[in-house]
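Comments concern the structure below.
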Amino acid sequence: MEGKVGLVIGATGLVGRELVITLLESLEFSKVIVWVRKSTGIEHPKLSEYFPDFEQLDRIPIPDGVDCIFCCLGTTIKKAKSKEVFKKVDYSYPLMLAQNAKRHQIGQFLIISAMGADKSSRVFYSRTKGEMESDLRQLHLESLTIFRPSLLLGHRQEFRLGEEVAAMVSKVMPFLFKGPFKTYKPLNAKVVAEAMYRSALKEKEGIMIIPPDVIEELAKKS
């Protein structure tokens with residue numbers, strides 16, 4: 001029996017890279033395709049890299065055999081340098097990709113959003129994520145799984161003060177993130193990647209929202 005084929009976009013990012021490694025090491029995935037602007041630098045017989053025009057994400061032919069698409073795209077205002085560019089990466093690209101997935105009848109679409117995503121939010125970041133989620137829902141994909149992690153931990157090229165502080169606090173005072181506050185616990189990128197991989201194995205239909213505490217629970221399941 002042949003294994004699954006996964007397409008990962010955002011494969012050079014914090015979670016995306018961890019996800020690619022997780023899928024390559026898994027027994028269930030026989031092939032991993034990545035759409036990137038620059039090479040991941042990973043060499044593996046199951047890995048195929050492509051460098052598409054991201055402005056055409058809604059029209060690029062999706063390779064035959066793809067079972068699930070993992071969207072790990074995301075940036076910050078600081079890195080994007082403008083709200084317009086930020087919205088293109090965190091809203092337009094994911095929506096274009098999902099429209100493409102819909103047209104190609106891809107069985108599963110899994111995407112990273114953020115805790116607090118709300119299209120009515122006064123915070124631009126949360127509002128953008130909320131609008132992205134809302135419009136993805138309107139596509140009525142066969143299976144849409146939205147992961148809403150809190151702060152993400154891991155090695156980044158750029159320094160992010162909030163994440164550094166959160167990492168220090170969660171290490172020194174882990175009791176702060178128990179009980180009703182466990183939802184705010186920072187998550188390591190490897191944990192989110194593991195949860196995405198395990199969720200893809202379930203092949204559920206409909207829309208699923210995965211909050212931080214459930215992400216951690218999923219990642220722990222064997």
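Every chain in the structure tokens has a letter given in the order shown (A, B, ...), and although residue numbers restart at 1 in each chain, ligands are simply numbered from 1 in the order shown.
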- Pick out the residues sitting within 6 Å of A:Pro186, and hand them over as a PyMOL selection string; count only C-alpha atoms, and ignore anything fewer than 5 positions along from it in its own chain. chain A and resi 150-152
- Task: With a distance cut-off of 9 Å and only C-alpha atoms, select the neighbouring residues of A:Gly206, excluding the residue or stretch itself and same-chain residues fewer than 5 positions from it, and output the selection as a ChimeraX atom specification.
- Result: /A:140-145
Just to be explicit: take each residue in the selection above, keep N, CA and C atoms, and write the result as a JSON list (two decimals), in the first residue's frame.
[["chain", "number", "residue", "atom", "x", "y", "z"],
["A", 140, "HIS", "N", -15.97, 25.76, 1.76],
["A", 140, "HIS", "CA", -16.55, 24.44, 1.99],
["A", 140, "HIS", "C", -15.62, 23.33, 1.49],
["A", 141, "LEU", "N", -14.39, 23.38, 1.97],
["A", 141, "LEU", "CA", -13.43, 22.34, 1.64],
["A", 141, "LEU", "C", -13.88, 21.02, 2.24],
["A", 142, "GLU", "N", -13.45, 19.94, 1.64],
["A", 142, "GLU", "CA", -13.82, 18.62, 2.15],
["A", 142, "GLU", "C", -13.38, 18.44, 3.60],
["A", 143, "SER", "N", -12.17, 18.88, 3.90],
["A", 143, "SER", "CA", -11.65, 18.80, 5.26],
["A", 143, "SER", "C", -10.75, 20.00, 5.51],
["A", 144, "LEU", "N", -11.11, 20.83, 6.49],
["A", 144, "LEU", "CA", -10.34, 22.01, 6.84],
["A", 144, "LEU", "C", -9.99, 21.94, 8.32],
["A", 145, "THR", "N", -8.70, 21.89, 8.61],
["A", 145, "THR", "CA", -8.24, 21.85, 9.99],
["A", 145, "THR", "C", -7.41, 23.10, 10.27]]
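Using only C-alpha atoms, the smallest distance between any of A:Cys68, A:Ile33, A:Val123, A:Val191 and A:Ile106 comes from A:Cys68.
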* Asked: Any idea what's packed within 12 Å of A:Glu217, counting only C-alpha atoms, ignoring anything in its chain fewer than 6 positions away? Could you give it as a list of chain:residue names?
  -> A:Lys182, A:Thr183, A:Leu187, A:Val191, A:Val192, A:Glu194, A:Ala195, A:Met196, A:Arg198, A:Ser199, A:Ile210, A:Pro211
Per DSSP on the backbone, what are the strand (DSSP E or B) residues of stretch 25-217 of chain A, as a PyMOL selection string? chain A and resi 29-35+47-50+68-71+108-112+143-147+152-153+187-188+206-210
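Near A:Cys72, within 9 Å and counting only C-alpha atoms, sit Val8, Ile9, Gly10, Ala11, Gly13, Leu14, Val15, Gly16, Leu19, Pro94, Leu110, Ile111, Ile112 and Ser113 of chain A, not including residues fewer than 6 positions from it in the same chain.
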> Which residues, written as a list in words, have at least one atom at most 12 Å from A:Ser134, with only C-alpha atoms counted and residues fewer than 3 positions away on the same chain left out?
Replying inline: Tyr91, Pro94, Leu95, Ser113, Ala117, Asp118, Lys119, Ser120, Arg127, Thr128, Lys129, Gly130, Glu131, Arg137, Gln138, Leu139, His140, Leu144, Ile146, Ile207 and Ile209 of chain A
Export of prior selection with C-alpha atoms as a PDB file, in the first residue's frame:
ATOM      1  CA  TYR A  91      -4.462  36.137   4.125  1.00  0.00           C
ATOM      2  CA  PRO A  94      -3.499  30.932   2.052  1.00  0.00           C
ATOM      3  CA  LEU A  95      -6.868  31.738   0.461  1.00  0.00           C
ATOM      4  CA  SER A 113      -3.682  30.429  12.191  1.00  0.00           C
ATOM      5  CA  ALA A 117      -8.083  35.009  15.469  1.00  0.00           C
ATOM      6  CA  ASP A 118     -11.213  37.139  15.098  1.00  0.00           C
ATOM      7  CA  LYS A 119     -12.376  39.031  12.019  1.00  0.00           C
ATOM      8  CA  SER A 120     -14.021  41.609  14.306  1.00  0.00           C
ATOM      9  CA  ARG A 127      -8.364  40.501  12.490  1.00  0.00           C
ATOM     10  CA  THR A 128      -6.360  39.350   9.475  1.00  0.00           C
ATOM     11  CA  LYS A 129      -6.143  35.805  10.828  1.00  0.00           C
ATOM     12  CA  GLY A 130      -9.879  35.889  11.566  1.00  0.00           C
ATOM     13  CA  GLU A 131     -10.721  37.065   8.062  1.00  0.00           C
ATOM     14  CA  ARG A 137     -14.764  28.316   5.808  1.00  0.00           C
ATOM     15  CA  GLN A 138     -16.796  29.771   2.945  1.00  0.00           C
ATOM     16  CA  LEU A 139     -14.962  27.554   0.462  1.00  0.00           C
ATOM     17  CA  HIS A 140     -16.552  24.438   1.987  1.00  0.00           C
ATOM     18  CA  LEU A 144     -10.341  22.013   6.838  1.00  0.00           C
ATOM     19  CA  ILE A 146      -7.223  25.164  11.559  1.00  0.00           C
ATOM     20  CA  ILE A 207     -14.095  22.039   9.812  1.00  0.00           C
ATOM     21  CA  ILE A 209     -10.483  24.249  15.093  1.00  0.00           C
TER      22      ILE A 209
END
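Every residue of stretch 14-71 of chain A found in alpha helix (DSSP H) when DSSP is run on the backbone appears here: A:Leu14, A:Val15, A:Gly16, A:Arg17, A:Glu18, A:Leu19, A:Val20, A:Ile21, A:Thr22, A:Leu23, A:Leu24, A:Glu25.
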File dump, residues just selected, N, CA, C and O atoms, as an mmCIF file, in the first residue's frame:
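Result saved to part25.cif:
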data_model
loop_
_atom_site.group_PDB
_atom_site.id
_atom_site.type_symbol
_atom_site.label_atom_id
_atom_site.label_comp_id
_atom_site.auth_asym_id
_atom_site.auth_seq_id
_atom_site.Cartn_x
_atom_site.Cartn_y
_atom_site.Cartn_z
ATOM 1 N N LEU A 14 9.376 28.453 10.667
ATOM 2 C CA LEU A 14 9.625 27.790 11.946
ATOM 3 C C LEU A 14 8.902 26.448 12.049
ATOM 4 O O LEU A 14 9.516 25.417 12.307
ATOM 5 N N VAL A 15 7.586 26.447 11.831
ATOM 6 C CA VAL A 15 6.817 25.209 11.913
ATOM 7 C C VAL A 15 6.953 24.399 10.627
ATOM 8 O O VAL A 15 7.074 23.172 10.666
ATOM 9 N N GLY A 16 6.942 25.073 9.493
ATOM 10 C CA GLY A 16 6.997 24.388 8.209
ATOM 11 C C GLY A 16 8.200 23.476 8.072
ATOM 12 O O GLY A 16 8.076 22.334 7.599
ATOM 13 N N ARG A 17 9.356 23.944 8.487
ATOM 14 C CA ARG A 17 10.570 23.127 8.383
ATOM 15 C C ARG A 17 10.481 21.900 9.282
ATOM 16 O O ARG A 17 10.859 20.798 8.893
ATOM 17 N N GLU A 18 9.974 22.109 10.505
ATOM 18 C CA GLU A 18 9.813 20.987 11.433
ATOM 19 C C GLU A 18 8.808 19.971 10.873
ATOM 20 O O GLU A 18 8.976 18.763 11.026
ATOM 21 N N LEU A 19 7.775 20.481 10.220
ATOM 22 C CA LEU A 19 6.758 19.606 9.638
ATOM 23 C C LEU A 19 7.339 18.767 8.511
ATOM 24 O O LEU A 19 7.071 17.559 8.420
ATOM 25 N N VAL A 20 8.115 19.386 7.655
ATOM 26 C CA VAL A 20 8.741 18.655 6.553
ATOM 27 C C VAL A 20 9.597 17.515 7.094
ATOM 28 O O VAL A 20 9.530 16.376 6.616
ATOM 29 N N ILE A 21 10.403 17.803 8.102
ATOM 30 C CA ILE A 21 11.259 16.778 8.701
ATOM 31 C C ILE A 21 10.411 15.659 9.299
ATOM 32 O O ILE A 21 10.716 14.468 9.141
ATOM 33 N N THR A 22 9.333 16.035 9.981
ATOM 34 C CA THR A 22 8.432 15.050 10.600
ATOM 35 C C THR A 22 7.812 14.145 9.546
ATOM 36 O O THR A 22 7.749 12.923 9.705
ATOM 37 N N LEU A 23 7.344 14.727 8.450
ATOM 38 C CA LEU A 23 6.715 13.943 7.381
ATOM 39 C C LEU A 23 7.728 13.022 6.699
ATOM 40 O O LEU A 23 7.410 11.878 6.358
ATOM 41 N N LEU A 24 8.939 13.514 6.502
ATOM 42 C CA LEU A 24 9.966 12.711 5.849
ATOM 43 C C LEU A 24 10.367 11.510 6.709
ATOM 44 O O LEU A 24 10.687 10.437 6.185
ATOM 45 N N GLU A 25 10.331 11.701 8.010
ATOM 46 C CA GLU A 25 10.715 10.624 8.930
ATOM 47 C C GLU A 25 9.577 9.646 9.193
ATOM 48 O O GLU A 25 9.798 8.572 9.757
#
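Pairwise distance (atom CA of A:Met208, atom CA of A:Lys102) equals 16.8 Å.
For the choices A:Lys221, A:Lys87, A:His104, A:Lys185, the atom-to-atom distance to A:Val66 is smallest for A:His104 when using only C-alpha atoms.
Atom to atom, atom CA of A:Tyr50 and atom CA of A:Val34 stand 6.2 Å apart.
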